[in-house]
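*Asks:* Please find one structure pasted underneath; my questions will follow.
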Number of protein chains: 4
Amino acid sequence: MKALFLNASLKKSDQTSNTEGLAQEVIDLYSKEGVESEVVRLADYNIPYGIEKDLGEGDEWPQIFEKVKQADILILASPIWLGEKSSLAAVAMERLYGSSSETNEKGQSIYYNKVAGAVITGNEDGAKNAAASLLYGLSHIGFVIPPNVDAYWVGEAGPGPSYLDDDGQENEFTKKHVEMLAYNTMHLAEIFKKNPIPPKGNVME
Amino acid sequence: MKALFLNASLKKSDQTSNTEGLAQEVIDLYSKEGVESEVVRLADYNIPYGIEKDLGEGDEWPQIFEKVKQADILILASPIWLGEKSSLAAVAMERLYGSSSETNEKGQSIYYNKVAGAVITGNEDGAKNAAASLLYGLSHIGFVIPPNVDAYWVGEAGPGPSYLDDDGQENEFTKKHVEMLAYNTMHLAEIFKKNPIPPKGNVME
Amino acid sequence: MKALFLNASLKKSDQTSNTEGLAQEVIDLYSKEGVESEVVRLADYNIPYGIEKDLGEGDEWPQIFEKVKQADILILASPIWLGEKSSLAAVAMERLYGSSSETNEKGQSIYYNKVAGAVITGNEDGAKNAAASLLYGLSHIGFVIPPNVDAYWVGEAGPGPSYLDDDGQENEFTKKHVEMLAYNTMHLAEIFKKNPIPPKGNVME
Amino acid sequence: MKALFLNASLKKSDQTSNTEGLAQEVIDLYSKEGVESEVVRLADYNIPYGIEKDLGEGDEWPQIFEKVKQADILILASPIWLGEKSSLAAVAMERLYGSSSETNEKGQSIYYNKVAGAVITGNEDGAKNAAASLLYGLSHIGFVIPPNVDAYWVGEAGPGPSYLDDDGQENEFTKKHVEMLAYNTMHLAEIFKKNPIPPKGNVME
């Protein structure tokens, strides 16, 4: 089983991402259960704006999309800015949407039978809003959303430490939600591998 | 298999609800496939404000909650006001949340293995925002969100006809989404009836 | 100058409201500057669901609406549930919207020249989302939104102390935002009292 | 008086932008009243991801920010994707936020006394959600939000014509909102030019 993490940090991979720090907690549980993980730091890639599968010369989205197609589990990981998911997370959602008319062998959206979740960190406030946006968008284009797949950490109101700085990693609520996200994505990916969604009523036109 | 519709129209059942008009399209498909439907018009009930399972004398939420527990599929149906779900839909979400610490026989949230969807109508704009709020909230408390379970109709920007007034029922996009919502909720409810979500990593504390 | 606070706590006024605790900080600054404040605990009133100015027998909204009309400043105060404003805050917005076709002597919406702000508290996460919903809705029906009028307190991710329990009142970010909300609503109310918005382009039809 | 439009269309200026088509209606009213307008098509610029005023080599945001500083009125114009503002609109908000610690001569945020509005178009649904996000964010960093400054056009649910294709320009609701946005931004910009917001309680630390 394969999990793909799209990390929508605004920083390239030469800088530490707190969001990736939290994603790592999920990866550790996946690893323990034999699920292979790959993290794509979106800021490292040239991903032009637009709603098409391939925007031509220099567009590196198609290679990321290949990884999405191979994955059983997709985790969108995002920092919070102004109480929302990052702009790069929005880019990822737009490009996923632009690729959503591709179908599987039954004629369903290519994302059918894949499950999705969201990992969010911020100094403060905005995680549920970011998660709602990501999980709704992913559901709208064909992913299954298992229960309790919004794992996040935010601090108290106002500027302050980030997830990796301080005691974020000790937060029991966050740890419990990491566990629920990890296991429920695995459980449901397993269930849909064995019991794919029948095509009645949901094939693309 | 049983489907429960919570209709969060602001009008009591002595008045026509456009949202119920759209819900009826889903019910017709359920009926064709042998799924039993029940619609609760929330405005007919006395549902006090608060985050508890039972708020005491006169609280009629507990009888609605019994229906939720019996259902395999829960559909939140809401009109749009100010670009959002209705206040009564918010009341339903708060009360569902207040009842979410109840567990099933495995110790998971009582909502595990149930699937949810959203039906939305409005004269104009706000359906996706309302659906995102409802589906995220339902996922956060334990429901599974299948792909493409946001069926809605809205008209062009500004005041105008409602779903039942005019040609709303002829909208091909809405009809397609009604079909996807109906079949995907049935497919997944069936799958989880036979393959319940294992408890590893997700039992309540 | 008069300020009206609509407190959308789900609790009646026989119970302590953390949101009212934060609102009190604003009231103290208003009082210091000679602005008179009144707080309406919405849960104490019978406010039926619906989009009309007066919903008939027993509807207590009309008496609240009279207070809105007398006020120069309107503050919507709300707790957070499921990362959003409360259902009672949604009720208040729907009823304010339902009364928005009333006009002033120039033919503008009755809310013109009034300024609005939002006060939010929660154990954790959701304040900006609640504020965005409230401030957008108030702007959409005719209020002016001054800069920095979203004063909130939330704790770290997960269950935990409420605003009045612990050190919430010591949070420097929250205190600064209380001050900005209080002064900017007063500054702008004063400015529009002396310089009302001209009617060109904005009278109701 | 100067108005700056940031058009967050995903298309560069060699392609027609429906959103710019709607913005043009606002520009025509500004022009009639002697307000000078400039439109920046964000997709034409190299605007790196990040929360800093200047992200170094090749960053073209600083030249856009100079225009923001010169403007009395800022209009964020965005198309709708997945029921939300565009990713480029999110980039603009992040960069505006990253520049918000700059102060004016009184020590207030550089955005004080400037007024903001939002122009949105889409084939369908999402305008109010996009407007709420933009207007809240702009208010949170220091802009004044006048009444009724969310001018939008969307079609009926589902794929369909864009604003410029068909009869979008004849929509009376949209035309009325264009007029309210144009006049209220002008009225308030004029009012704050003559009556700047006093610094008591709102200077940056």
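Going through the structure tokens in order, the chains are called A, B, and so on, while each chain numbers its residues from 1 and the ligands are numbered from 1 in the order shown.
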Among segment 4-205 of chain A, which ones does DSSP assign to alpha helix (DSSP H) (computed from the backbone)? Answer as an NGL selection string.

*Replies:* :A and (18-32 or 61-70 or 87-98 or 127-141 or 172-194)

*Asks:* Quick one: everything within 9 Å of segment 72-83 of chain A, counting only C-alpha atoms, minus sequence neighbours fewer than 3 positions away in the same chain. Send it as number ranges by chain.

*Replies:* A: 1-10, 17-20, 22-23, 68-69, 86-89, 92, 113-127, 129-131, 134-135, 143, 185-186, 189-190, 193; C: 126-129; D: 51, 93-94, 97, 137, 140

*Asks:* Please produce, as a tab-separated table, a per-residue contact table for chain B versus chain A (criterion: any atom at most 6 Å away, only C-alpha atoms considered), showing the nearest atom pair and its distance in Å to one decimal, sorted by chain then residue number.

*Replies:*
residue	atom	partner	partner_atom	distance
B:Ala132	CA	A:Tyr136	CA	5.1
B:Tyr136	CA	A:Ala132	CA	5.0
B:Ser139	CA	A:Pro147	CA	4.9
B:His140	CA	A:Asn148	CA	5.0
B:Gly142	CA	A:Pro147	CA	4.5
B:Phe143	CA	A:Pro147	CA	5.3
B:Val144	CA	A:Pro146	CA	4.9
B:Ile145	CA	A:Ile145	CA	4.9
B:Pro146	CA	A:Val144	CA	4.9
B:Pro147	CA	A:Gly142	CA	4.5
B:Asn148	CA	A:His140	CA	5.0
B:Glu179	CA	A:Gly201	CA	5.7
B:Met180	CA	A:Asn202	CA	5.1
B:Tyr183	CA	A:Gly201	CA	5.5
B:Gly201	CA	A:Met180	CA	5.5
B:Asn202	CA	A:Met180	CA	5.1

*Asks:* Restricted to N, CA and C atoms, what would the selected residues look like written as a PDB file, in the first residue's frame?

*Replies:*
ATOM      1  N   ALA B 132     -19.340  22.049   2.226  1.00  0.00           N
ATOM      2  CA  ALA B 132     -18.030  21.868   2.864  1.00  0.00           C
ATOM      3  C   ALA B 132     -18.178  21.884   4.376  1.00  0.00           C
ATOM      4  N   TYR B 136     -17.488  18.367   6.248  1.00  0.00           N
ATOM      5  CA  TYR B 136     -16.334  18.370   7.153  1.00  0.00           C
ATOM      6  C   TYR B 136     -16.781  18.041   8.583  1.00  0.00           C
ATOM      7  N   SER B 139     -17.610  14.382   8.963  1.00  0.00           N
ATOM      8  CA  SER B 139     -16.390  13.572   8.938  1.00  0.00           C
ATOM      9  C   SER B 139     -15.642  13.699  10.268  1.00  0.00           C
ATOM     10  N   HIS B 140     -15.635  14.899  10.806  1.00  0.00           N
ATOM     11  CA  HIS B 140     -14.901  15.164  12.053  1.00  0.00           C
ATOM     12  C   HIS B 140     -15.503  14.418  13.244  1.00  0.00           C
ATOM     13  N   GLY B 142     -17.154  11.396  12.857  1.00  0.00           N
ATOM     14  CA  GLY B 142     -17.098   9.954  12.689  1.00  0.00           C
ATOM     15  C   GLY B 142     -17.761   9.337  11.467  1.00  0.00           C
ATOM     16  N   PHE B 143     -18.459  10.135  10.678  1.00  0.00           N
ATOM     17  CA  PHE B 143     -19.083   9.585   9.472  1.00  0.00           C
ATOM     18  C   PHE B 143     -18.040   9.407   8.362  1.00  0.00           C
ATOM     19  N   VAL B 144     -18.327   8.474   7.449  1.00  0.00           N
ATOM     20  CA  VAL B 144     -17.544   8.337   6.220  1.00  0.00           C
ATOM     21  C   VAL B 144     -18.189   9.230   5.152  1.00  0.00           C
ATOM     22  N   ILE B 145     -17.372   9.955   4.418  1.00  0.00           N
ATOM     23  CA  ILE B 145     -17.874  10.796   3.317  1.00  0.00           C
ATOM     24  C   ILE B 145     -17.480  10.150   1.994  1.00  0.00           C
ATOM     25  N   PRO B 146     -18.453   9.575   1.290  1.00  0.00           N
ATOM     26  CA  PRO B 146     -18.155   8.973  -0.011  1.00  0.00           C
ATOM     27  C   PRO B 146     -17.802  10.063  -1.033  1.00  0.00           C
ATOM     28  N   PRO B 147     -17.304   9.665  -2.192  1.00  0.00           N
ATOM     29  CA  PRO B 147     -17.055  10.651  -3.250  1.00  0.00           C
ATOM     30  C   PRO B 147     -18.373  11.254  -3.735  1.00  0.00           C
ATOM     31  N   ASN B 148     -18.331  12.519  -4.099  1.00  0.00           N
ATOM     32  CA  ASN B 148     -19.448  13.169  -4.818  1.00  0.00           C
ATOM     33  C   ASN B 148     -20.788  13.052  -4.110  1.00  0.00           C
ATOM     34  N   GLU B 179     -27.721  11.599  -8.531  1.00  0.00           N
ATOM     35  CA  GLU B 179     -27.474  10.180  -8.794  1.00  0.00           C
ATOM     36  C   GLU B 179     -26.184   9.701  -8.114  1.00  0.00           C
ATOM     37  N   MET B 180     -25.136  10.496  -8.238  1.00  0.00           N
ATOM     38  CA  MET B 180     -23.867  10.095  -7.605  1.00  0.00           C
ATOM     39  C   MET B 180     -24.025  10.037  -6.090  1.00  0.00           C
ATOM     40  N   TYR B 183     -26.220   6.829  -5.225  1.00  0.00           N
ATOM     41  CA  TYR B 183     -25.545   5.545  -5.409  1.00  0.00           C
ATOM     42  C   TYR B 183     -24.286   5.406  -4.550  1.00  0.00           C
ATOM     43  N   GLY B 201      -6.590   1.843  16.432  1.00  0.00           N
ATOM     44  CA  GLY B 201      -6.211   3.252  16.282  1.00  0.00           C
ATOM     45  C   GLY B 201      -7.351   4.246  16.375  1.00  0.00           C
ATOM     46  N   ASN B 202      -8.590   3.775  16.505  1.00  0.00           N
ATOM     47  CA  ASN B 202      -9.688   4.750  16.469  1.00  0.00           C
ATOM     48  C   ASN B 202     -10.731   4.609  17.581  1.00  0.00           C
TER      49      ASN B 202
END

*Asks:* Could you work out how far atom CA of Pro48 of chain D lies from atom CA of Asp14 of chain A, giving the answer in Å with one decimal?

*Replies:*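 For atom CA of Asp14 of chain A relative to atom CA of Pro48 of chain D, the distance reads 15.6 Å.
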
*Asks:* Compare A:Asp165, A:Gly155, A:Arg95, A:Lys11 by their minimum atom-to-atom distance to Asp54 of chain A, counting only C-alpha atoms, and give me the closest one.

*Replies:*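 Looking only at the distances to Asp54 of chain A, the closest residue turns out to be A:Arg95.
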
*Asks:* Quick one: DSSP strand (DSSP E) residues in segment 106-170 of chain B, as a PyMOL selection string?

*Replies:* chain B and resi 115-124+150-155

*Asks:* Based on the selection just made, write N, CA and C atoms of those residues as a CSV table (one decimal), in the first residue's frame.

*Replies:*
chain,number,residue,atom,x,y,z
B,115,VAL,N,-22.5,6.4,6.7
B,115,VAL,CA,-22.0,7.3,5.6
B,115,VAL,C,-23.0,8.5,5.5
B,116,ALA,N,-22.4,9.7,5.1
B,116,ALA,CA,-23.1,10.9,5.1
B,116,ALA,C,-23.0,11.6,3.8
B,117,GLY,N,-24.0,12.5,3.5
B,117,GLY,CA,-24.0,13.3,2.3
B,117,GLY,C,-24.8,14.6,2.6
B,118,ALA,N,-24.7,15.5,1.6
B,118,ALA,CA,-25.4,16.8,1.8
B,118,ALA,C,-26.2,17.2,0.6
B,119,VAL,N,-27.5,17.7,0.8
B,119,VAL,CA,-28.3,18.1,-0.2
B,119,VAL,C,-28.6,19.6,0.1
B,120,ILE,N,-28.4,20.5,-0.9
B,120,ILE,CA,-28.5,21.9,-0.7
B,120,ILE,C,-29.3,22.6,-1.8
B,121,THR,N,-30.1,23.5,-1.4
B,121,THR,CA,-30.7,24.4,-2.5
B,121,THR,C,-30.8,25.8,-2.0
B,122,GLY,N,-30.7,26.7,-3.0
B,122,GLY,CA,-30.8,28.1,-2.7
B,122,GLY,C,-31.2,28.8,-4.0
B,123,ASN,N,-31.7,30.1,-3.9
B,123,ASN,CA,-31.9,30.8,-5.1
B,123,ASN,C,-30.6,31.1,-5.8
B,124,GLU,N,-29.5,31.2,-5.0
B,124,GLU,CA,-28.3,31.5,-5.6
B,124,GLU,C,-27.1,31.3,-4.7
B,150,ASP,N,-22.3,15.8,-2.6
B,150,ASP,CA,-22.8,17.2,-2.4
B,150,ASP,C,-23.7,17.5,-3.6
B,151,ALA,N,-25.0,17.2,-3.5
B,151,ALA,CA,-25.9,17.4,-4.5
B,151,ALA,C,-26.6,18.7,-4.3
B,152,TYR,N,-26.6,19.6,-5.2
B,152,TYR,CA,-27.2,20.9,-5.0
B,152,TYR,C,-27.8,21.6,-6.2
B,153,TRP,N,-28.7,22.5,-6.0
B,153,TRP,CA,-29.1,23.4,-7.1
B,153,TRP,C,-29.1,24.8,-6.5
B,154,VAL,N,-28.6,25.7,-7.3
B,154,VAL,CA,-28.7,27.2,-7.1
B,154,VAL,C,-28.9,27.8,-8.4
B,155,GLY,N,-29.6,29.0,-8.4
B,155,GLY,CA,-29.8,29.7,-9.7
B,155,GLY,C,-28.6,30.7,-9.9

*Asks:* Please compute the atom CA of Gly56 of chain A-atom CA of Gln70 of chain A distance, one decimal, in Å.

*Replies:* 22.1 Å

*Asks:* Between D:Ser100, D:Gln169, D:Thr174, D:Thr16, which has the minimum distance to Glu52 of chain D (counting only C-alpha atoms)?

*Replies:* D:Ser100
